[in-house]
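These notes are about the structure you will find just below.
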Amino acid sequence: MHASRPTQPTKEMARYALAALAVCTLQSTAGAQQDDLAEGAKLYVSQCKICHGSVSAADQAQAVPAPPRWHLARLTTQHHGAQPVRTDVTPPFSADVDAAAATSDLLAFAPPFGPHLRKVVGRPAGAVEGYDYSSTFLKTLKGMEWNEAALDVWITNPQAWVPGVYMFYKQPDKEVRRKIIEYLKASQ
């Protein structure tokens with residue numbers, strides 16, 4: 001009896017194996033990217049949309065202009081670790097101010113929207129028509145284009161980059177920043 005020898009892989013078998021591996025890798029990567037985009041969308045809605053509005057052109061096309069609204073930010077270290085708690089109020093809001101003052105919380109009022117972030121990646125800083133950027137922002141970031149690296153630094157701590165800027169949001173979590181930026185890129 002002859003002992004059978006194991007067959008040697010042919011070049012064709014090796015090509016099929018590599019192709020199958022590549023397809024599996026691409027599917028896995030695509031799935032992870034879709035998960036990141038979905039998470040980025042949720043993060044944008046919960047952390048950015050209140051001030052910057054929707055980045056979806058479809059949402060903007062269907063939007064009916066709303067009356068001006070202001071956000072009441074109750075800044076307290078006792079209950080919220082110095083994080084603002086925002087509540088929408090419509091002027092006049094003296095009753096809201098009186099109620100909050102009775103709890104001895106600090107109050108801050110801010111216009112509802114920063115500049116929109118539609119097509120922000122690749123856009124020059126300070127270029128949204130009609131938005132009143134601070135002079136410090138315009139002076140510091142003049143000529144800069146928003147790219148992934150700039151957005152990452154900005155979202156980390158805008159006040160550290162441009163002291164006195166209108167934006168007070170900070171995001172220390174690198175993964176949260178990455179997902180928000182991926183969402184902004186995909187929403188171009």
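Order determines the names: the first chain of the structure tokens is A, the second B, and so forth; residues in each chain are numbered 1 upward, and ligands are numbered 1 upward as they are shown.
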
(request) Give me the residues within 12 Å of stretch 150-152 of chain A as a PyMOL selection string, counting only C-alpha atoms and dropping any in the same chain fewer than 3 places off. (result) chain A and resi 117+120-125+141+144-147+155-158+161+170-182+184-185

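For the residues A:Gln159, A:Thr10, A:Ser54, A:Gln33, ranking by smallest atom-to-atom distance to A:Thr136 using only C-alpha atoms places A:Gln159 first.
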
(request) Return the single residue from A:Tyr169, A:Gln34, A:His116, A:Arg15 that is closest to A:Gly53, with distances computed using only C-alpha atoms. (result) A:His116

(request) Could you tell me how far atom CA of A:Thr140 lies from atom CA of A:Ser46, in Å and to one decimal? (result) 28.4 Å

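With atom CA of A:Cys51 on one side and atom CA of A:Gly114 on the other, the separation reads 5.3 Å.
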
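You will find atom CA of A:Ala41 at 28.5 Å from atom CA of A:Gly143.
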